[in-house]
Structures are given as C-alpha cells and as structure tokens.
Amino acid sequence: MAVQSAKITALYCRLSVDDKADGESNSIKNQKEILAKYASDNGFKNTKFYVDDGTSGTVFNRPGLNAMVEDVNADKVGVVVIKDQSRIGRDVLEVGLLKRQFEQHNVRFIAANDGLDSANGFDMMSLFRDVFNEFFVADTSKKIRAVKRAKALQGKAVGKLPYGYRIDDSGDTSKWIPCEKTAPIVQEVFQLYVRGMCIAEICRSLTERNIPVPESHKSEKNIAGQWCFSTIWVMVENPVYIGRYTSHKITTVSYKNKKRVLQPEEDWIVIENHHPPLVDMETFEIAQRIRGGRKRYTKLGERSILNGLVYCYDCGSTLSYCKQGANGDVPNFICKKYRKADIYNNHKCTRHGIRVADLEKTVLGEIQDTVSFALEHEKKFAARVHKSANANTEKLIKSKTIECAKSEKRIAELDNIMRNIYEDHLIGKLSEKRFTTMLEGYETEQSGLTDKVETLRAELREPEATTANLESFMKMVRQYGVIEELSEETARAFIERVVVHGAVFATGTKRKKVSQEIEIYFTYIGRFEQE
C-alpha cells in the first residue's frame, strides 16, 4: 500500500469531443470511477478531482489542467493520477514539459491503465505511448479533413447553412432551398444596398424592426438583436446568394495550430448553380461595384452619387469629392494625386477638375440617350455594340500577335548568342567568370520571354473573353426602362467608370474652360458612342 502524505492526490480527467464517440469507456463518469477505485486500492487519500470536459488533447490551456498545475507549482500536490497517458494530452513536447514540471516538484505521476508510475523510475514505453497518442490526433485530423472535403465535393453542407437557406424536406444536406423566414430578409438587404442605403442605415433599419439576427437563426431561436456592420458587409459580398457553392476557402495551419488561414484559390471547391439563387446576377454585380467604390462622406457628411466611379485620364487614380470656388461651396471632383502635393507644393498630377453637377448631368444624359436608343432600336444597338467589341478585339489580337512574334524572334536570337559565347568560352576568348555572368543573364531573359509567349498564346486562344455581354446589358435596360434621374442605383448599375481628361483652357488663361473630354464606360458593353 502506498504511503499517503498530507498533500493532495490529484485525479485528473479529460474528455474531448472526439473521445465521446468511443462511448462510455472514456466518459468523465467512467474516468472518475476508475481513478477513485485506484486511489482507494492503493491507499491514496486526500483526493481531489480536476476535470476538463470537451477539450482537445492538443490544447494545454485548460481550466482543469491549469488549476492542477497551479497547485503543483504551489507544492500542494503529492501524486497525479490519470486513467491513461492520452488524458494528460496528445502532444509529445507539451506532455514532456508537464512531466518535467512534476519531477521538479517531486510529484509522483501515475497512468493507471498504462502501468506507468514515476516512482518505478524511467519508463521507455511511456515515450512511445506519447508519440502514438500524438500520431492518433494527427491521423484523426487527416481523416476528418478528407471526409469534409469529400462532402464538399458532393455539394453537401459542411457546418451551418448560410443565412437565408435551409435543407430541403428530404434531409439531403446537398439540397438547399430558400428559407421562408430569412430569404426575404437577404433579398431586402441587397435591394436596399443597391438603391443607395449605406450598411449602417440597413443595420439600423433591421434592428429597429426587431428582425432576428443571423446568430439566432443558427441556433434556431428567433432572438432580436443588434445587427452589426460586418454581418451585412459579408452578406452582400457572398456569392452563395447567386447559387454558387464555395467551400474550403479557409483552413487551419495544423491540428496543433488552429489559426485560420486563406487557402490558394485553386484549392477552393466551387460548384456553380448548386442551389436556387436569392438575387439575380445583375443585382449582385451592382452590389460588388458599390462595395468596390463605396462613397466616402466628407467631414461635413456630404457625398456624391458618382464618387468611386470617376478616374483621372493621366494617372488613373480616382477623383476626390471636395468643395471649391470663391466661397468654398461648389462641389468639384479633383484628381486625388493632384491634391496630395508635397511640402514644396509639387503635384504628382494635374488638376483634372470638373464640377460635380456638370459631370452628373453629362453622365445622366449619356445613360438616357444610350438606354433610349437600346429600347427603340434594339437591333441597331446590338450591331453597333458588336462592331465596337469586334474592333477592339481585332486591335487587341493584332497587338498581341505582333508582341508574341517579337518575343519568339528574340528567344531564337538568344539561342544563337548563347551558342556563340559557349564556343568563345571553349576556345578561351571568354573567362569562366565572364562566361557564367553572361550566360545567366541571357538565360534569365529567355526564361522571362518564354513565360510571356505562353501567356500571350493563351490570351490569343480566348478572344471571346473580350466580347461584350450584350444580353446582360439589355436585360438591365428592360428592367430599368426610361431613366428619369441619376440615382446611386442607376449609376452603379449602368456605369463601370467615368474617365476625366484634363480641361482645355482659352489661350493665356487658367480659368476660362474651352472644353473637357469625358469618357463614359458602361457595364458589360464598355464605351458606346452615338453615331
């Protein structure tokens, strides 16, 4: 019988989620019974249970374990008893550090079912058990990942379904249908967003109307709460609402490190038309354009409908909304780089200034003329769009063909050059150092040109990628009909970008504007000019 001191006999129990699958053998109740009997049979008294329920063995920041280690460090513990070595943990390094800590405080360590007792001296088999325990976790993690990936490839739900959907009545997790309660909320969010309501306003509206938050949907409890910015932001960018299933975008570093990281796009699992969409493609694309060019308010809370859509012709940066004029009350668009002058008042670009009212009037007129022409003369409009697209495609193909031919010619020239310097090196005209330097330079240039040629050839094989999506544009035209005014919704729906050239002023003046070219590019069809 063991001699019992006044110190605590720590009986440690741990159960993880995976262990629960093993049934009653690893249950906390079973572990307690085994440890209590072992302590009684071996004369260990003053027992105290330390329990961690539902905690992985790879995690060593556990309440029960922490409490036990704290008592060990305070020299309150004389013996630590566990059911088997895997209960203390499944990480060779961390378990080894714990054992060393026990030794430093003269704590006797016992694994009842494994026959391990530190009082009997060093046990070589305990090292192999620790290694096997960690291998078990690694192997289980690998199998779980494989199962989840297999499910994802079949389009099955891995975890909770996105807000707005539910599993159909058959119970098949690969069949998603719109949820009668939450799908209309998703659709409303998209409609409000493309009509110009900012995310904060949408959150406020949903909260004031006591619409249950998505977290309550996941827990199947309709609890009204505070809608937050990130919830709406993630919702309007999620392609799941156009019927696209996307999985395995995020993974963890390893079974030990639970830090979430973004996977390379080629490792994602994407299934198109997996489930019924809640929003149409046009609405979704408008929402993405708004997200990409969301208007920022000035310090006075002002903004422009076109902010984020207007670009400088010369430097390509966006034009900023600001107020200028004699009284500082005239809204203007000014090149962002021009406004960021250095301490010496040197500008990185020219002003490219234009009044907001003038630009909005021009854009509205262009949209009205184009939409009107498309509605009244659909065949002529289609012909012009195709003609313009084909012309642009032909120019692109021609330029890339010429560039590809030049690159191929240079590759052949480099072959001859490298052959010649190799011969010069053999007959002693070039030193070893000089030859190596020249050869590396030519090989690097040739490698870059080879990659460039492959890219150009791939682009030349896909000229259809540059053609206009006329049908999508016409669908949008029919949806909106006659445009009466310029709103954020119509601007984001029809306009891809507006390019502002520098103003032309009367000779000898910097104020009297003679002309200023504006390029307007429509979504789907690009630039369209009336004949």
# chains A, B, ... in the order shown; residues from 1 in each chain; ligands from 1
>>> select_by_dssp(residues="segment 194-412 of chain A", states="strand (DSSP E)", output="compact mmCIF listing (two decimals) with N, CA, C and O atoms, in the first residue's frame")
# COMPACT_ATOMS: atom_id res chain seq x y z
N TYR A 245 -21.90 27.52 -54.72
CA TYR A 245 -21.41 26.83 -53.53
C TYR A 245 -19.90 26.96 -53.48
O TYR A 245 -19.20 26.60 -54.43
N THR A 246 -19.37 27.51 -52.39
CA THR A 246 -17.92 27.66 -52.23
C THR A 246 -17.52 27.11 -50.88
O THR A 246 -18.09 27.47 -49.85
N SER A 247 -16.55 26.23 -50.90
CA SER A 247 -16.08 25.62 -49.65
C SER A 247 -14.56 25.52 -49.67
O SER A 247 -13.92 25.66 -50.71
N ILE A 250 -11.11 28.61 -46.34
CA ILE A 250 -10.35 28.81 -45.11
C ILE A 250 -9.97 27.45 -44.53
O ILE A 250 -10.74 26.50 -44.59
N THR A 251 -8.78 27.38 -44.00
CA THR A 251 -8.35 26.16 -43.32
C THR A 251 -7.54 26.56 -42.09
O THR A 251 -7.27 27.73 -41.86
N THR A 252 -7.17 25.57 -41.29
CA THR A 252 -6.30 25.83 -40.14
C THR A 252 -4.88 25.40 -40.49
O THR A 252 -4.67 24.55 -41.36
N ARG A 260 -6.71 30.32 -38.39
CA ARG A 260 -7.39 30.18 -39.69
C ARG A 260 -6.64 30.98 -40.76
O ARG A 260 -6.28 32.14 -40.54
N VAL A 261 -6.39 30.34 -41.90
CA VAL A 261 -5.67 30.98 -42.99
C VAL A 261 -6.44 30.78 -44.30
O VAL A 261 -7.17 29.80 -44.46
N LEU A 262 -6.25 31.72 -45.23
CA LEU A 262 -6.90 31.63 -46.54
C LEU A 262 -6.10 30.69 -47.44
O LEU A 262 -4.89 30.82 -47.58
N ILE A 269 -13.21 24.70 -53.36
CA ILE A 269 -14.22 23.86 -54.02
C ILE A 269 -15.38 24.76 -54.39
O ILE A 269 -16.03 25.35 -53.53
N VAL A 270 -15.61 24.90 -55.69
CA VAL A 270 -16.65 25.81 -56.20
C VAL A 270 -17.59 25.03 -57.10
O VAL A 270 -17.16 24.35 -58.03
N ILE A 271 -18.90 25.12 -56.81
CA ILE A 271 -19.92 24.45 -57.63
C ILE A 271 -20.94 25.51 -58.05
O ILE A 271 -21.63 26.08 -57.20
N VAL A 310 -15.26 57.75 -60.73
CA VAL A 310 -14.63 58.76 -61.59
C VAL A 310 -13.11 58.66 -61.48
O VAL A 310 -12.55 58.67 -60.37
N TYR A 311 -12.42 58.56 -62.64
CA TYR A 311 -10.98 58.33 -62.67
C TYR A 311 -10.27 59.41 -63.50
O TYR A 311 -10.84 59.98 -64.43
N CYS A 312 -9.03 59.63 -63.15
CA CYS A 312 -8.17 60.57 -63.88
C CYS A 312 -7.62 59.89 -65.13
O CYS A 312 -7.12 58.76 -65.06
N LEU A 319 -10.95 60.40 -58.68
CA LEU A 319 -11.11 61.82 -58.41
C LEU A 319 -11.84 62.00 -57.08
O LEU A 319 -12.82 61.31 -56.81
N SER A 320 -11.35 62.91 -56.26
CA SER A 320 -11.92 63.14 -54.93
C SER A 320 -13.02 64.19 -54.99
O SER A 320 -12.97 65.14 -55.76
N TYR A 321 -14.02 64.00 -54.13
CA TYR A 321 -15.11 64.97 -53.98
C TYR A 321 -14.67 66.04 -52.99
O TYR A 321 -14.21 65.73 -51.89
N CYS A 322 -14.78 67.29 -53.37
CA CYS A 322 -14.44 68.38 -52.45
C CYS A 322 -15.18 69.64 -52.88
O CYS A 322 -15.76 69.69 -53.98
N LYS A 323 -15.16 70.63 -52.02
CA LYS A 323 -15.83 71.90 -52.34
C LYS A 323 -14.79 72.98 -52.58
O LYS A 323 -13.85 73.14 -51.80
N GLN A 324 -15.00 73.74 -53.68
CA GLN A 324 -14.08 74.81 -54.04
C GLN A 324 -14.87 76.03 -54.47
O GLN A 324 -16.08 76.10 -54.24
N VAL A 330 -18.79 75.13 -53.87
CA VAL A 330 -19.12 74.48 -55.15
C VAL A 330 -18.50 73.08 -55.17
O VAL A 330 -17.27 72.94 -55.17
N PRO A 331 -19.32 72.00 -55.18
CA PRO A 331 -18.79 70.63 -55.22
C PRO A 331 -18.03 70.37 -56.51
O PRO A 331 -18.52 70.66 -57.61
N ASN A 332 -16.83 69.85 -56.38
CA ASN A 332 -15.97 69.53 -57.53
C ASN A 332 -15.38 68.15 -57.37
O ASN A 332 -15.30 67.61 -56.26
N PHE A 333 -14.96 67.59 -58.50
CA PHE A 333 -14.12 66.41 -58.50
C PHE A 333 -12.71 66.86 -58.88
O PHE A 333 -12.53 67.54 -59.89
N ILE A 334 -11.72 66.45 -58.07
CA ILE A 334 -10.33 66.82 -58.30
C ILE A 334 -9.48 65.56 -58.23
O ILE A 334 -9.72 64.67 -57.39
N CYS A 335 -8.46 65.48 -59.10
CA CYS A 335 -7.57 64.31 -59.09
C CYS A 335 -6.96 64.12 -57.71
O CYS A 335 -6.43 65.06 -57.11
N ILE A 354 -13.51 69.12 -62.35
CA ILE A 354 -14.80 69.27 -63.02
C ILE A 354 -15.88 69.39 -61.95
O ILE A 354 -15.82 68.74 -60.90
N ARG A 355 -16.84 70.24 -62.21
CA ARG A 355 -17.93 70.41 -61.25
C ARG A 355 -18.77 69.14 -61.18
O ARG A 355 -19.08 68.52 -62.20
>>> residues_around(residues="Arg108 of chain A", least_positions_apart="4", cutoff="9 Å", atoms="only C-alpha atoms", output="VMD selection string")
chain A and resid 77 to 81 102 to 103 117 to 119
>>> select_by_dssp(residues="segment 424-495 of chain A", states="alpha helix (DSSP H)", output="ChimeraX atom specification")
/A:424-426,432-460,470-480,488-494
>>> write_last_selection(atoms="C-alpha atoms", output="PDB file, in the first residue's frame")
ATOM      1  CA  ASP A 424      34.124  31.533 -77.327  1.00  0.00           C
ATOM      2  CA  HIS A 425      34.448  30.105 -73.829  1.00  0.00           C
ATOM      3  CA  LEU A 426      35.732  26.764 -75.165  1.00  0.00           C
ATOM      4  CA  GLU A 432      34.932  31.376 -66.778  1.00  0.00           C
ATOM      5  CA  LYS A 433      33.597  34.260 -64.665  1.00  0.00           C
ATOM      6  CA  ARG A 434      32.624  36.379 -67.677  1.00  0.00           C
ATOM      7  CA  PHE A 435      31.003  33.400 -69.423  1.00  0.00           C
ATOM      8  CA  THR A 436      28.962  32.465 -66.334  1.00  0.00           C
ATOM      9  CA  THR A 437      27.751  36.044 -65.836  1.00  0.00           C
ATOM     10  CA  MET A 438      26.694  36.462 -69.471  1.00  0.00           C
ATOM     11  CA  LEU A 439      25.044  33.042 -69.648  1.00  0.00           C
ATOM     12  CA  GLU A 440      22.970  33.647 -66.506  1.00  0.00           C
ATOM     13  CA  GLY A 441      21.767  36.977 -67.858  1.00  0.00           C
ATOM     14  CA  TYR A 442      20.723  35.564 -71.226  1.00  0.00           C
ATOM     15  CA  GLU A 443      19.047  32.521 -69.652  1.00  0.00           C
ATOM     16  CA  THR A 444      17.050  34.760 -67.288  1.00  0.00           C
ATOM     17  CA  GLU A 445      15.920  36.940 -70.210  1.00  0.00           C
ATOM     18  CA  GLN A 446      14.975  33.900 -72.290  1.00  0.00           C
ATOM     19  CA  SER A 447      13.038  32.318 -69.422  1.00  0.00           C
ATOM     20  CA  GLY A 448      11.009  35.514 -68.951  1.00  0.00           C
ATOM     21  CA  LEU A 449      10.275  35.743 -72.675  1.00  0.00           C
ATOM     22  CA  THR A 450       9.191  32.083 -72.793  1.00  0.00           C
ATOM     23  CA  ASP A 451       6.680  32.674 -69.983  1.00  0.00           C
ATOM     24  CA  LYS A 452       5.473  35.812 -71.764  1.00  0.00           C
ATOM     25  CA  VAL A 453       4.929  33.922 -75.047  1.00  0.00           C
ATOM     26  CA  GLU A 454       2.926  31.207 -73.283  1.00  0.00           C
ATOM     27  CA  THR A 455       0.718  33.843 -71.656  1.00  0.00           C
ATOM     28  CA  LEU A 456       0.156  35.666 -74.956  1.00  0.00           C
ATOM     29  CA  ARG A 457      -0.702  32.431 -76.781  1.00  0.00           C
ATOM     30  CA  ALA A 458      -3.235  31.554 -74.067  1.00  0.00           C
ATOM     31  CA  GLU A 459      -4.824  35.018 -74.394  1.00  0.00           C
ATOM     32  CA  LEU A 460      -4.967  34.702 -78.181  1.00  0.00           C
ATOM     33  CA  LEU A 470     -24.917  42.389 -74.686  1.00  0.00           C
ATOM     34  CA  GLU A 471     -27.735  40.258 -73.333  1.00  0.00           C
ATOM     35  CA  SER A 472     -26.917  41.171 -69.733  1.00  0.00           C
ATOM     36  CA  PHE A 473     -26.940  44.860 -70.642  1.00  0.00           C
ATOM     37  CA  MET A 474     -30.260  44.575 -72.485  1.00  0.00           C
ATOM     38  CA  LYS A 475     -31.788  42.707 -69.561  1.00  0.00           C
ATOM     39  CA  MET A 476     -30.782  45.604 -67.317  1.00  0.00           C
ATOM     40  CA  VAL A 477     -32.171  48.138 -69.823  1.00  0.00           C
ATOM     41  CA  ARG A 478     -35.535  46.386 -69.894  1.00  0.00           C
ATOM     42  CA  GLN A 479     -35.568  46.154 -66.100  1.00  0.00           C
ATOM     43  CA  TYR A 480     -34.985  49.883 -65.545  1.00  0.00           C
ATOM     44  CA  GLU A 488     -26.893  55.683 -56.962  1.00  0.00           C
ATOM     45  CA  GLU A 489     -28.679  52.554 -58.125  1.00  0.00           C
ATOM     46  CA  THR A 490     -28.792  53.634 -61.784  1.00  0.00           C
ATOM     47  CA  ALA A 491     -25.227  54.965 -61.640  1.00  0.00           C
ATOM     48  CA  ARG A 492     -23.822  51.732 -60.212  1.00  0.00           C
ATOM     49  CA  ALA A 493     -25.996  49.608 -62.491  1.00  0.00           C
ATOM     50  CA  PHE A 494     -25.046  51.269 -65.774  1.00  0.00           C
TER      51      PHE A 494
END
>>> closest_residue(among="A:Asp329, A:Asp91, A:Glu484, A:Glu208", to="Gly365 of chain A", atoms="only C-alpha atoms")
A:Glu484
>>> closest_residue(among="A:Lys361, A:Arg14, A:Lys45, A:His274", to="Ala152 of chain A", atoms="only C-alpha atoms")
A:His274
>>> residues_around(residues="segment 10-12 of chain A", least_positions_apart="2", cutoff="10 Å", atoms="only C-alpha atoms", output="number ranges by chain")
A: 7-8, 14, 28, 31-32, 34-36, 38-39, 44-52, 64-65, 68-69, 71-72, 76-83, 87-88, 107, 109-110
>>> atom_distance(atom1="atom CA of Pro276 of chain A", atom2="atom CA of Arg244 of chain A")
9.0 Å
>>> atom_distance(atom1="atom CA of Val236 of chain A", atom2="atom CA of Arg527 of chain A")
27.5 Å
>>> atom_distance(atom1="atom CA of Val137 of chain A", atom2="atom CA of Asp267 of chain A")
23.7 Å
>>> closest_residue(among="A:Val498, A:Leu278, A:Val95, A:Ile232", to="Ile177 of chain A", atoms="only C-alpha atoms")
A:Leu278
>>> residues_around(residues="segment 54-59 of chain A", least_positions_apart="4", cutoff="6 Å", atoms="only C-alpha atoms", output="list in words")
Leu15, Ser16, Val17, Gly89, Arg90, Asp91 and Lys256 of chain A
>>> closest_residue(among="A:Gln101, A:Ala357, A:Gln85, A:Cys13", to="Gly115 of chain A", atoms="only C-alpha atoms")
A:Gln85
>>> residues_around(residues="Asp168 of chain A", least_positions_apart="2", cutoff="12 Å", atoms="only C-alpha atoms", output="MDAnalysis selection string")
chainID A and resid 157 161 165:166 170:180 275:276
>>> write_last_selection(atoms="N, CA, C and O atoms", output="PDB file, in the first residue's frame")
ATOM      1  N   ALA A 157     -23.553  20.303 -47.153  1.00  0.00           N
ATOM      2  CA  ALA A 157     -23.273  21.359 -46.178  1.00  0.00           C
ATOM      3  C   ALA A 157     -22.204  20.876 -45.212  1.00  0.00           C
ATOM      4  O   ALA A 157     -22.295  19.783 -44.659  1.00  0.00           O
ATOM      5  N   LEU A 161     -25.719  26.072 -42.513  1.00  0.00           N
ATOM      6  CA  LEU A 161     -26.040  26.655 -43.812  1.00  0.00           C
ATOM      7  C   LEU A 161     -25.985  28.181 -43.753  1.00  0.00           C
ATOM      8  O   LEU A 161     -26.191  28.768 -42.693  1.00  0.00           O
ATOM      9  N   TYR A 165     -30.984  30.192 -46.185  1.00  0.00           N
ATOM     10  CA  TYR A 165     -31.227  28.861 -46.749  1.00  0.00           C
ATOM     11  C   TYR A 165     -31.522  27.845 -45.648  1.00  0.00           C
ATOM     12  O   TYR A 165     -31.164  28.037 -44.483  1.00  0.00           O
ATOM     13  N   ARG A 166     -32.141  26.730 -46.081  1.00  0.00           N
ATOM     14  CA  ARG A 166     -32.354  25.579 -45.199  1.00  0.00           C
ATOM     15  C   ARG A 166     -32.265  24.311 -46.039  1.00  0.00           C
ATOM     16  O   ARG A 166     -32.340  24.361 -47.274  1.00  0.00           O
ATOM     17  N   SER A 170     -36.259  16.501 -47.651  1.00  0.00           N
ATOM     18  CA  SER A 170     -35.723  15.141 -47.766  1.00  0.00           C
ATOM     19  C   SER A 170     -34.594  14.892 -46.773  1.00  0.00           C
ATOM     20  O   SER A 170     -34.231  13.751 -46.501  1.00  0.00           O
ATOM     21  N   GLY A 171     -34.006  15.981 -46.248  1.00  0.00           N
ATOM     22  CA  GLY A 171     -32.908  15.837 -45.295  1.00  0.00           C
ATOM     23  C   GLY A 171     -31.548  15.718 -45.947  1.00  0.00           C
ATOM     24  O   GLY A 171     -30.528  15.610 -45.258  1.00  0.00           O
ATOM     25  N   ASP A 172     -31.503  15.738 -47.279  1.00  0.00           N
ATOM     26  CA  ASP A 172     -30.234  15.664 -48.005  1.00  0.00           C
ATOM     27  C   ASP A 172     -29.495  16.997 -47.860  1.00  0.00           C
ATOM     28  O   ASP A 172     -29.962  18.035 -48.319  1.00  0.00           O
ATOM     29  N   THR A 173     -28.312  16.976 -47.226  1.00  0.00           N
ATOM     30  CA  THR A 173     -27.586  18.222 -46.941  1.00  0.00           C
ATOM     31  C   THR A 173     -26.989  18.872 -48.179  1.00  0.00           C
ATOM     32  O   THR A 173     -26.411  19.956 -48.090  1.00  0.00           O
ATOM     33  N   SER A 174     -27.084  18.206 -49.330  1.00  0.00           N
ATOM     34  CA  SER A 174     -26.599  18.826 -50.567  1.00  0.00           C
ATOM     35  C   SER A 174     -27.711  19.598 -51.283  1.00  0.00           C
ATOM     36  O   SER A 174     -27.457  20.275 -52.276  1.00  0.00           O
ATOM     37  N   LYS A 175     -28.939  19.488 -50.761  1.00  0.00           N
ATOM     38  CA  LYS A 175     -30.078  20.163 -51.388  1.00  0.00           C
ATOM     39  C   LYS A 175     -30.533  21.325 -50.510  1.00  0.00           C
ATOM     40  O   LYS A 175     -31.120  21.121 -49.449  1.00  0.00           O
ATOM     41  N   TRP A 176     -30.211  22.533 -50.960  1.00  0.00           N
ATOM     42  CA  TRP A 176     -30.563  23.739 -50.221  1.00  0.00           C
ATOM     43  C   TRP A 176     -31.727  24.438 -50.896  1.00  0.00           C
ATOM     44  O   TRP A 176     -31.776  24.528 -52.126  1.00  0.00           O
ATOM     45  N   ILE A 177     -32.619  24.939 -50.093  1.00  0.00           N
ATOM     46  CA  ILE A 177     -33.733  25.719 -50.627  1.00  0.00           C
ATOM     47  C   ILE A 177     -33.859  27.010 -49.812  1.00  0.00           C
ATOM     48  O   ILE A 177     -33.417  27.070 -48.659  1.00  0.00           O
ATOM     49  N   PRO A 178     -34.460  28.048 -50.396  1.00  0.00           N
ATOM     50  CA  PRO A 178     -34.626  29.305 -49.653  1.00  0.00           C
ATOM     51  C   PRO A 178     -35.464  29.103 -48.397  1.00  0.00           C
ATOM     52  O   PRO A 178     -36.489  28.419 -48.425  1.00  0.00           O
ATOM     53  N   CYS A 179     -35.021  29.694 -47.310  1.00  0.00           N
ATOM     54  CA  CYS A 179     -35.764  29.644 -46.050  1.00  0.00           C
ATOM     55  C   CYS A 179     -36.902  30.662 -46.107  1.00  0.00           C
ATOM     56  O   CYS A 179     -36.690  31.826 -46.452  1.00  0.00           O
ATOM     57  N   GLU A 180     -38.103  30.224 -45.785  1.00  0.00           N
ATOM     58  CA  GLU A 180     -39.282  31.078 -45.901  1.00  0.00           C
ATOM     59  C   GLU A 180     -39.179  32.324 -45.020  1.00  0.00           C
ATOM     60  O   GLU A 180     -39.699  33.392 -45.372  1.00  0.00           O
ATOM     61  N   HIS A 275     -27.621  25.686 -55.931  1.00  0.00           N
ATOM     62  CA  HIS A 275     -28.908  25.867 -55.241  1.00  0.00           C
ATOM     63  C   HIS A 275     -29.618  27.086 -55.825  1.00  0.00           C
ATOM     64  O   HIS A 275     -29.004  27.883 -56.543  1.00  0.00           O
ATOM     65  N   PRO A 276     -30.888  27.276 -55.533  1.00  0.00           N
ATOM     66  CA  PRO A 276     -31.625  28.423 -56.088  1.00  0.00           C
ATOM     67  C   PRO A 276     -31.034  29.746 -55.587  1.00  0.00           C
ATOM     68  O   PRO A 276     -30.794  29.912 -54.390  1.00  0.00           O
TER      69      PRO A 276
END
>>> residues_around(residues="Glu237 of chain A", least_positions_apart="2", cutoff="10 Å", atoms="only C-alpha atoms", output="short mmCIF file (atom, residue, chain, number, x, y, z; two decimals) with all heavy atoms, in the first residue's frame")
data_model
loop_
_atom_site.label_atom_id
_atom_site.label_comp_id
_atom_site.auth_asym_id
_atom_site.auth_seq_id
_atom_site.Cartn_x
_atom_site.Cartn_y
_atom_site.Cartn_z
N PHE A 190 -30.10 43.27 -50.11
CA PHE A 190 -29.48 43.56 -51.40
C PHE A 190 -30.20 44.72 -52.10
O PHE A 190 -29.55 45.61 -52.67
CB PHE A 190 -29.49 42.33 -52.30
CG PHE A 190 -28.29 41.44 -52.12
CD1 PHE A 190 -28.31 40.42 -51.18
CD2 PHE A 190 -27.16 41.62 -52.88
CE1 PHE A 190 -27.20 39.60 -51.00
CE2 PHE A 190 -26.05 40.81 -52.71
CZ PHE A 190 -26.07 39.80 -51.77
N ILE A 232 -23.72 42.50 -42.50
CA ILE A 232 -24.24 42.95 -43.79
C ILE A 232 -23.13 42.99 -44.83
O ILE A 232 -23.32 42.62 -45.99
CB ILE A 232 -24.90 44.33 -43.66
CG1 ILE A 232 -26.01 44.30 -42.61
CG2 ILE A 232 -25.46 44.80 -45.00
CD1 ILE A 232 -27.14 43.37 -42.93
N TRP A 233 -21.95 43.43 -44.42
CA TRP A 233 -20.82 43.52 -45.35
C TRP A 233 -20.48 42.16 -45.95
O TRP A 233 -20.28 42.02 -47.15
CB TRP A 233 -19.61 44.10 -44.61
CG TRP A 233 -18.40 44.32 -45.46
CD1 TRP A 233 -17.29 43.54 -45.55
CD2 TRP A 233 -18.17 45.40 -46.38
NE1 TRP A 233 -16.38 44.05 -46.43
CE2 TRP A 233 -16.89 45.20 -46.95
CE3 TRP A 233 -18.91 46.52 -46.75
CZ2 TRP A 233 -16.35 46.08 -47.89
CZ3 TRP A 233 -18.36 47.38 -47.68
CH2 TRP A 233 -17.10 47.17 -48.24
N VAL A 234 -20.42 41.14 -45.09
CA VAL A 234 -20.14 39.78 -45.56
C VAL A 234 -21.28 39.26 -46.42
O VAL A 234 -21.07 38.58 -47.43
CB VAL A 234 -19.88 38.84 -44.37
CG1 VAL A 234 -19.79 37.39 -44.83
CG2 VAL A 234 -18.60 39.24 -43.64
N MET A 235 -22.51 39.60 -46.05
CA MET A 235 -23.68 39.12 -46.79
C MET A 235 -23.68 39.62 -48.23
O MET A 235 -23.89 38.85 -49.17
CB MET A 235 -24.97 39.56 -46.08
CG MET A 235 -26.25 39.03 -46.71
SD MET A 235 -27.74 39.63 -45.88
CE MET A 235 -27.60 38.83 -44.29
N PRO A 239 -21.06 35.13 -52.68
CA PRO A 239 -21.63 34.59 -53.93
C PRO A 239 -22.60 33.43 -53.72
O PRO A 239 -23.17 32.93 -54.68
CB PRO A 239 -20.40 34.15 -54.72
CG PRO A 239 -19.36 33.88 -53.69
CD PRO A 239 -19.62 34.86 -52.58
N VAL A 240 -22.76 32.99 -52.46
CA VAL A 240 -23.72 31.92 -52.21
C VAL A 240 -25.12 32.36 -52.61
O VAL A 240 -25.97 31.53 -52.99
CB VAL A 240 -23.70 31.51 -50.71
CG1 VAL A 240 -24.32 32.58 -49.83
CG2 VAL A 240 -24.41 30.18 -50.49
N TYR A 241 -25.38 33.68 -52.60
CA TYR A 241 -26.73 34.18 -52.88
C TYR A 241 -27.04 34.28 -54.37
O TYR A 241 -28.13 34.67 -54.74
CB TYR A 241 -26.93 35.52 -52.18
CG TYR A 241 -26.86 35.39 -50.68
CD1 TYR A 241 -25.87 36.03 -49.93
CD2 TYR A 241 -27.75 34.56 -50.01
CE1 TYR A 241 -25.79 35.85 -48.56
CE2 TYR A 241 -27.67 34.38 -48.63
CZ TYR A 241 -26.70 35.03 -47.92
OH TYR A 241 -26.61 34.86 -46.56
N PHE A 284 -26.41 41.38 -57.93
CA PHE A 284 -25.20 41.01 -57.20
C PHE A 284 -23.99 41.79 -57.71
O PHE A 284 -23.18 42.29 -56.92
CB PHE A 284 -24.95 39.51 -57.32
CG PHE A 284 -23.78 39.02 -56.51
CD1 PHE A 284 -23.90 38.83 -55.15
CD2 PHE A 284 -22.56 38.76 -57.12
CE1 PHE A 284 -22.82 38.38 -54.39
CE2 PHE A 284 -21.48 38.32 -56.38
CZ PHE A 284 -21.61 38.12 -55.01
N GLU A 285 -23.87 41.92 -59.03
CA GLU A 285 -22.73 42.64 -59.60
C GLU A 285 -22.79 44.13 -59.27
O GLU A 285 -21.75 44.76 -59.04
CB GLU A 285 -22.67 42.42 -61.11
CG GLU A 285 -22.28 40.99 -61.48
CD GLU A 285 -22.20 40.78 -62.98
OE1 GLU A 285 -22.66 41.67 -63.73
OE2 GLU A 285 -21.67 39.72 -63.40
N ALA A 287 -24.03 45.31 -56.53
CA ALA A 287 -23.61 45.37 -55.13
C ALA A 287 -22.09 45.31 -55.01
O ALA A 287 -21.49 46.02 -54.19
CB ALA A 287 -24.24 44.21 -54.35
N GLN A 288 -21.44 44.49 -55.86
CA GLN A 288 -19.98 44.40 -55.80
C GLN A 288 -19.32 45.68 -56.29
O GLN A 288 -18.29 46.10 -55.76
CB GLN A 288 -19.48 43.21 -56.64
CG GLN A 288 -20.08 41.86 -56.27
CD GLN A 288 -20.28 41.69 -54.77
OE1 GLN A 288 -19.33 41.71 -54.00
NE2 GLN A 288 -21.53 41.51 -54.36
N ARG A 291 -19.55 48.07 -53.45
CA ARG A 291 -18.55 47.72 -52.43
C ARG A 291 -17.18 48.19 -52.85
O ARG A 291 -16.40 48.70 -52.04
CB ARG A 291 -18.51 46.21 -52.21
CG ARG A 291 -19.67 45.64 -51.43
CD ARG A 291 -19.48 44.17 -51.20
NE ARG A 291 -18.37 43.92 -50.31
CZ ARG A 291 -17.16 43.52 -50.69
NH1 ARG A 291 -16.88 43.31 -51.97
NH2 ARG A 291 -16.21 43.29 -49.81
#
